[in-house]
Every structure is written in C-alpha cells, then in structure tokens.
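target-v4.cif (mmCIF, C-alpha atoms and all ligand atoms)
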```
data_upload
loop_
_atom_site.label_atom_id
_atom_site.label_comp_id
_atom_site.auth_asym_id
_atom_site.auth_seq_id
_atom_site.Cartn_x
_atom_site.Cartn_y
_atom_site.Cartn_z
CA MET U 1 25.51 -16.01 -16.50
CA PRO U 2 22.22 -14.06 -16.25
CA GLN U 3 22.53 -10.43 -15.10
CA LYS U 4 21.33 -9.65 -11.57
CA LYS U 5 18.10 -7.73 -11.16
CA GLN U 6 18.65 -4.02 -10.66
CA VAL U 7 16.68 -2.19 -7.99
CA LEU U 8 16.58 1.62 -8.15
CA PHE U 9 15.27 3.64 -5.22
CA ILE U 10 14.11 6.91 -6.77
CA SER U 11 13.63 9.41 -3.97
CA GLY U 12 13.29 13.18 -3.64
CA THR U 13 11.08 16.08 -2.57
CA PRO U 14 7.43 15.82 -3.70
CA GLY U 15 7.13 17.11 -7.24
CA VAL U 16 10.80 16.77 -8.14
CA GLY U 17 9.95 14.34 -10.95
CA LYS U 18 10.21 10.81 -9.53
CA SER U 19 7.15 9.34 -11.24
CA THR U 20 7.87 11.07 -14.55
CA LEU U 21 11.36 9.58 -14.52
CA CYS U 22 10.03 6.12 -13.62
CA LYS U 23 7.70 6.29 -16.63
CA GLU U 24 10.78 6.87 -18.81
CA LEU U 25 12.57 3.98 -17.11
CA GLU U 26 9.66 1.71 -18.05
CA LYS U 27 10.79 2.13 -21.66
CA PHE U 28 14.04 0.43 -20.59
CA ASN U 29 12.11 -2.49 -19.07
CA PHE U 30 12.12 -1.31 -15.49
CA ALA U 31 8.93 -2.05 -13.58
CA HIS U 32 7.60 1.06 -11.83
CA LEU U 33 6.53 0.68 -8.22
CA ASP U 34 4.73 3.89 -7.25
CA VAL U 35 4.74 3.52 -3.46
CA GLY U 36 2.45 6.53 -2.88
CA LYS U 37 -0.18 4.84 -5.03
CA LEU U 38 0.44 1.49 -3.35
CA VAL U 39 -0.10 3.05 0.10
CA LYS U 40 -3.47 4.41 -1.03
CA ASP U 41 -4.59 1.32 -2.98
CA LYS U 42 -3.66 -1.15 -0.24
CA LYS U 43 -4.64 1.21 2.59
CA LEU U 44 -1.20 1.11 4.19
CA TYR U 45 -2.01 4.11 6.35
CA SER U 46 -3.59 4.68 9.73
CA ARG U 47 -5.54 7.82 8.81
CA TYR U 48 -5.67 10.86 6.63
CA ASP U 49 -4.20 13.95 8.24
CA ARG U 50 -6.11 17.05 7.20
CA LYS U 51 -3.53 19.39 8.69
CA THR U 52 -0.69 18.13 6.47
CA ASP U 53 -3.06 17.03 3.68
CA SER U 54 -1.46 13.59 3.58
CA PHE U 55 -1.88 9.99 4.69
CA VAL U 56 -0.11 8.82 7.86
CA VAL U 57 1.79 5.84 6.49
CA LEU U 58 2.09 2.54 8.35
CA VAL U 59 5.80 2.26 7.63
CA LYS U 60 6.29 -1.35 8.73
CA LYS U 61 3.37 -2.53 6.59
CA MET U 62 4.61 -0.46 3.68
CA ARG U 63 8.11 -1.92 3.99
CA ASN U 64 6.80 -5.49 4.08
CA THR U 65 4.58 -4.95 1.07
CA VAL U 66 7.35 -3.28 -0.95
CA LYS U 67 9.81 -6.02 0.03
CA LYS U 68 7.44 -8.70 -1.27
CA ILE U 69 6.85 -6.89 -4.55
CA VAL U 70 10.54 -6.23 -5.13
CA ARG U 71 11.37 -9.85 -4.36
CA THR U 72 8.73 -11.31 -6.69
CA THR U 73 9.25 -8.91 -9.60
CA GLN U 74 11.31 -10.67 -12.25
CA THR U 75 12.50 -7.59 -14.09
CA ASN U 76 14.58 -4.59 -13.03
CA ILE U 77 12.49 -2.32 -10.83
CA ALA U 78 12.33 1.39 -9.93
CA VAL U 79 10.87 2.06 -6.47
CA ASP U 80 9.29 5.52 -6.46
CA TRP U 81 9.09 6.98 -2.94
CA ILE U 82 10.05 10.29 -1.29
CA HIS U 83 12.22 8.86 1.50
CA SER U 84 14.94 6.39 0.51
CA TYR U 85 15.83 5.73 4.16
CA GLU U 86 12.45 4.06 4.73
CA LEU U 87 12.93 1.47 2.00
CA ALA U 88 16.37 1.17 0.45
CA ASN U 89 17.83 -0.99 3.21
CA LEU U 90 15.34 -3.70 2.23
CA VAL U 91 17.77 -4.72 -0.50
CA ARG U 92 21.39 -5.57 0.14
CA GLY U 93 24.28 -5.84 -2.21
CA GLY U 94 25.51 -4.21 -5.36
CA THR U 95 22.35 -4.47 -7.43
CA LYS U 96 20.65 -1.48 -5.84
CA ARG U 97 21.16 2.23 -6.38
CA VAL U 98 19.90 4.95 -4.04
CA ILE U 99 19.00 7.97 -6.15
CA VAL U 100 17.88 11.39 -4.92
CA LEU U 101 16.43 13.68 -7.56
CA ARG U 102 17.05 17.39 -6.97
CA CYS U 103 15.71 20.57 -8.51
CA GLU U 104 16.69 24.20 -8.10
CA PRO U 105 14.03 25.47 -5.62
CA LEU U 106 12.77 28.40 -7.71
CA ILE U 107 12.42 26.16 -10.76
CA LEU U 108 10.65 23.56 -8.63
CA TYR U 109 8.20 26.27 -7.60
CA LYS U 110 7.26 26.92 -11.23
CA ARG U 111 7.08 23.20 -11.99
CA ILE U 112 4.70 22.20 -9.23
CA LEU U 113 2.50 25.20 -8.37
CA LYS U 114 -0.36 23.96 -10.55
CA LYS U 115 -0.17 20.40 -9.24
CA TYR U 116 0.04 21.15 -5.50
CA GLY U 117 -1.46 24.60 -4.93
CA ILE U 118 0.33 27.39 -3.12
CA GLU U 119 0.67 26.03 0.44
CA LYS U 120 2.06 22.58 -0.47
CA THR U 121 4.28 24.16 -3.09
CA LYS U 122 5.82 26.52 -0.56
CA GLU U 123 6.41 23.62 1.82
CA ASN U 124 8.10 21.51 -0.84
CA VAL U 125 10.21 24.38 -2.16
CA LEU U 126 11.45 25.13 1.35
CA SER U 127 12.20 21.45 1.99
CA GLU U 128 14.20 21.21 -1.25
CA PHE U 129 16.06 24.44 -0.37
CA LEU U 130 16.97 22.96 3.04
CA ASN U 131 18.25 19.75 1.35
CA GLN U 132 16.08 17.71 3.72
CA ILE U 133 15.43 14.59 1.64
CA SER U 134 19.01 14.39 0.40
CA GLN U 135 20.36 14.92 3.93
CA GLU U 136 18.33 12.03 5.36
CA ALA U 137 19.55 9.80 2.51
CA HIS U 138 23.19 10.74 3.16
CA GLU U 139 22.76 10.09 6.87
CA MET U 140 21.78 6.50 6.15
CA PHE U 141 23.59 5.57 2.95
CA GLU U 142 26.52 7.99 3.10
CA ARG U 143 28.71 7.80 0.01
CA ASP U 144 26.38 5.44 -1.86
CA VAL U 145 23.82 8.17 -2.57
CA ILE U 146 23.53 9.32 -6.17
CA GLU U 147 22.14 12.84 -6.49
CA ILE U 148 20.83 13.90 -9.89
CA ASP U 149 20.08 17.52 -10.69
CA THR U 150 16.91 17.53 -12.81
CA THR U 151 16.81 21.33 -13.18
CA ASN U 152 17.98 21.45 -16.78
CA ARG U 153 17.60 17.81 -17.71
CA SER U 154 14.65 16.16 -19.37
CA PRO U 155 13.25 12.97 -17.79
CA LYS U 156 14.34 11.10 -20.92
CA LYS U 157 17.96 12.29 -20.60
CA ILE U 158 17.99 11.36 -16.91
CA ALA U 159 16.68 7.86 -17.67
CA GLN U 160 19.29 7.39 -20.39
CA GLY U 161 22.00 8.58 -17.99
CA ILE U 162 20.89 6.07 -15.35
CA ILE U 163 20.88 3.22 -17.86
CA LYS U 164 24.39 4.15 -19.01
CA ASP U 165 25.52 4.50 -15.38
CA LYS U 166 26.53 8.09 -16.06
CA PHE U 167 25.60 9.43 -12.61
CA LYS U 168 28.04 8.58 -9.85
CA PRO U 169 27.63 8.62 -6.07
CA GLY U 170 29.43 11.01 -3.78
CA LYS U 171 28.22 14.33 -5.18
CA LYS U 172 26.20 16.56 -2.84
CA ILE U 173 23.98 19.38 -4.03
CA ASP U 174 23.53 22.16 -1.47
CA TRP U 175 20.96 24.78 -2.55
CA MET U 176 21.28 26.71 0.70
CA LYS U 177 24.98 27.23 0.15
CA LYS U 178 24.44 28.22 -3.50
CA TYR U 179 21.72 30.73 -2.61
CA LEU U 180 23.76 32.29 0.19
CA ASN U 181 26.24 33.33 -2.49
CA ASP U 182 23.47 34.83 -4.62
CA LYS U 183 21.45 37.47 -2.74
CA GLN U 184 19.04 38.07 -5.62
CA ARG U 185 18.01 34.41 -5.74
CA LEU U 186 17.81 34.26 -1.97
CA ASN U 187 15.46 37.26 -1.89
CA MET U 188 13.28 35.71 -4.59
CA LEU U 189 13.07 32.53 -2.56
CA PHE U 190 12.06 34.44 0.58
CA LYS U 191 9.32 36.16 -1.38
CA VAL U 192 8.04 32.84 -2.67
CA VAL U 193 8.10 31.09 0.69
CA GLU U 194 6.76 33.98 2.75
CA GLY U 195 4.39 35.42 0.15
N1 LIG Z 201 13.07 16.71 -15.58
C1 LIG Z 201 11.97 17.47 -15.60
N2 LIG Z 201 11.99 18.66 -16.22
C2 LIG Z 201 10.87 19.46 -16.22
N3 LIG Z 201 9.68 19.13 -15.65
C3 LIG Z 201 9.60 17.95 -15.03
C4 LIG Z 201 10.74 17.06 -14.96
N4 LIG Z 201 10.36 15.97 -14.28
C5 LIG Z 201 9.08 16.16 -13.93
N5 LIG Z 201 8.62 17.33 -14.37
C6 LIG Z 201 7.27 17.88 -14.15
O1 LIG Z 201 7.14 18.14 -12.75
C7 LIG Z 201 5.85 17.81 -12.27
C8 LIG Z 201 5.94 16.82 -11.12
O2 LIG Z 201 6.46 15.59 -11.60
P1 LIG Z 201 6.14 14.18 -10.91
O3 LIG Z 201 4.69 14.01 -10.72
O4 LIG Z 201 6.87 13.14 -11.70
O5 LIG Z 201 6.83 14.37 -9.50
P2 LIG Z 201 6.91 13.34 -8.28
O6 LIG Z 201 8.28 13.50 -7.70
O7 LIG Z 201 6.52 11.99 -8.71
O8 LIG Z 201 5.84 13.95 -7.27
P3 LIG Z 201 5.10 13.20 -6.04
O9 LIG Z 201 6.13 13.06 -4.94
O10 LIG Z 201 4.00 14.14 -5.65
O11 LIG Z 201 4.57 11.90 -6.53
C9 LIG Z 201 5.07 17.27 -13.49
O12 LIG Z 201 4.28 18.31 -14.00
C10 LIG Z 201 6.16 16.89 -14.48
O13 LIG Z 201 5.73 17.01 -15.82
MG MG Z 202 4.93 10.73 -8.02
#
```

Take the structure in the file and give it back as structure tokens.
Ligand SMILES: Nc1ncnc2c1ncn2[C@@H]1O[C@H](COP(=O)(O)OP(=O)(O)OP(=O)(O)O)[C@@H](O)[C@H]1O
Ligand SMILES: [Mg+2]
Amino acid sequence: MPQKKQVLFISGTPGVGKSTLCKELEKFNFAHLDVGKLVKDKKLYSRYDRKTDSFVVLVKKMRNTVKKIVRTTQTNIAVDWIHSYELANLVRGGTKRVIVLRCEPLILYKRILKKYGIEKTKENVLSEFLNQISQEAHEMFERDVIEIDTTNRSPKKIAQGIIKDKFKPGKKIDWMKKYLNDKQRLNMLFKVVEG
C-alpha cells in the first residue's frame, strides 16, 4: 500500500530557523511551502503596516490558498509559517505533525540581529522568551505539539531527526522559567531588550 503524504507545519518565532530547516527537508523530498512568500506573491494581505513593519494578512484567503496547495501537492510537504494555529487544522488525521522550533533567546539575538535590525530583533527575542508562539500552539493542539530546540542543533541534524521521527510531542520548553533560575542570563536579556 502506498504511504500517506506527510504534512509538516513548521512554526516558530521569526528568525528561529523555519525556512533554513525546510531547505534541508527538501533534500528528503519534502516540498517547501513558504507561506510568508506566498502571502507577498499572491497579495494575500489587506495592507502593509508601517508601524509593525509587516503585512496585515488576510487569514481566510491565506488558509484557502494553503489548503489548495497542500491538497494538490503529490509529495510530502513542509508548511513554513510562524503561527501553526492559523493553518494546521486544515489537515486532519495522523499524517500531519505540528512542529514549533525554539531557540534560546540570547542565542536567537545573535542569530538574527543582522537580518532584522535592532528593533525587530528585540521584539522577536522577547516573544521567544515569553514562549508566545509555542503557547498558542499548545492552546490549540495540546499534546500533539512537537517542540524542537534548535539552539545547539544544525538544520541538517534537525531535518534528519524529523525524518527518523526522533522528536516526540509533549515536551514544553519554557525560557522564562529557565531564566528565572539564572539571574545572570536574565540580566543579559533585560539589557538586550531594553538597550
Ligand atoms: N539551527 C540553526 N543553527 C544556527 N543558525 C541557524 C539555524 N537555523 C537557522 N539559522 C540561521 O538563523 C537565521 C534565520 O533563519 P531563517 O531565515 O531560516 O528563519 P525563519 O524562521 O525562516 O525566519 P522568518 O520567520 O523571518 O522567515 C539565518 O541566518 C540562518 O542561517
Ligand atoms: Mg522564513
């Protein structure tokens, strides 16, 4: 019997490494659906918001477009989007995995400063510290969420782990809790976010 198509929802704070991971997954014959790019290319937004430096996404349109692409793609597919709760319920059944990539906030800062500039970087580091994207995923998908700590893992290793089904659901990473037990790290984070 032919194997069922796998659908991965790769979510996480901006800059955590979603697209880099999806590029690695392409080597294992996963199609890569970069939803941020799709939103821009197909104009699935109402306007550009200068204040937040981002597009205001037309979520319903985005969902319909992603649904169509996922349905018509013949191969396994990795859907690359920040918020899993906006898309992952488009697919039902055991062939999907909801993945949230995580990164230690101070390491994330170093990783993304060049790409995003200081203001966006601070915003993303704070969001990762507050576990926002993972929390919203857990609220919707509860024990099905697979969190992967990318801090000391190369994108290649993460892709191999996913293929071998090495990462299991149920684990929750809580940076706030970790930092509260480590005053030095907490002070460094305050400096970064306030500085
Ligand atoms: N596992 C990793 N280890 C070290 N650096 C990484 C890792 N994954 C990604 N990076 C680096 O982090 C930066 C951001 O990666 P990437 O663009 O893939 O993030 P993203 O989650 O797709 O961001 P966005 O939400 O803005 O699309 C890149 O410079 C990339 O090389
Ligand atoms: Mg990306």

Exercise. Which residues sit within 10 Å of ligand MG 202 (chain Z), counting only C-alpha atoms and all ligand atoms, listed as an MDAnalysis selection string?
Worked result: chainID U and resid 11:22 34:37 80:82

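Excluding U:Ser46 and any residue on its chain fewer than 4 positions from it, the residues at most 8 Å away by all atoms listed in the file are Phe55, Val56, Val57 and Leu58 of chain U.
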
Problem set entry | Surrounding residues of U:Glu26 excluding itself and chain neighbours under 5 positions, 10 Å, only C-alpha atoms, as a ChimeraX atom specification | /U:21,31-32,76-78,159

Problem set entry | Top pick for closest residue to ligand LIG 201 (chain Z), considering U:Ser127, U:Gln6, U:Asn181, U:Thr150 and counting all atoms listed in the file |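 Selected residue with least distance to ligand LIG 201 (chain Z): U:Thr150.
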
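Reported to one decimal place, the separation of atom CA of U:Lys23 from atom CA of U:Arg63 is 22.2 Å.
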
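Shortest atom-to-atom contact with U:Asp165 among U:Leu33, U:Leu180, U:Ile99, U:Val193: U:Ile99, counting all atoms listed in the file.
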
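Residues with any atom within 8 Å of stretch 129-132 of chain U, counting only C-alpha atoms and excluding same-chain neighbours fewer than 2 positions away, are Glu104, Pro105, Val125, Leu126, Ser127, Ser134, Gln135, Glu136, Ile173, Asp174, Trp175 and Met176 of chain U.
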
For this session: Select, from U:Thr72, U:Thr65, U:Ser84, U:Ser54, the residue with the minimum atom-to-atom distance to U:Met140, counting all atoms listed in the file.
Result: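 Smallest separation from U:Met140 among the options: U:Ser84.
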
For this session: For each of U:Pro155, U:Gly195, U:Pro169, U:Gly94, take the minimum atom-to-atom distance to U:Thr121, counting only C-alpha atoms, then give the residue where this is smallest.
Result: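 Ranked by minimum distance to U:Thr121, first place goes to U:Gly195.
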
Exercise. For ligand LIG 201 (chain Z), which residue among U:Phe167, U:Phe190, U:Tyr116, U:Phe141 is the nearest when counting only C-alpha atoms and all ligand atoms?
Worked result: U:Tyr116

Enclose the full set of atoms of ligand LIG 201 (chain Z) listed in the file within a box whose edges lie along x, y and z, apply 8 Å of padding to each of the six sides, and report centre and edge lengths in Å to one decimal as lines of an AutoDock Vina configuration file.
```
center_x = 8.5
center_y = 15.7
center_z = -10.6
size_x = 25.1
size_y = 23.6
size_z = 27.3
```

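As for atom CA of U:Arg143 and atom CA of U:Lys177, they are spaced 19.8 Å apart.
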
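Take the candidates U:Ile112, U:Tyr179, U:Asp49, U:Arg92 and check each one against ligand LIG 201 (chain Z) using only C-alpha atoms and all ligand atoms; the shortest distance goes to U:Ile112.
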
For this session: For U:Thr95, work out the shell of residues within 9 Å, counting all atoms listed in the file and skipping chain neighbours fewer than 5 positions away, then give it as a list in words.
Result: Lys4, Lys5, Gln6, Val7 and Leu8 of chain U
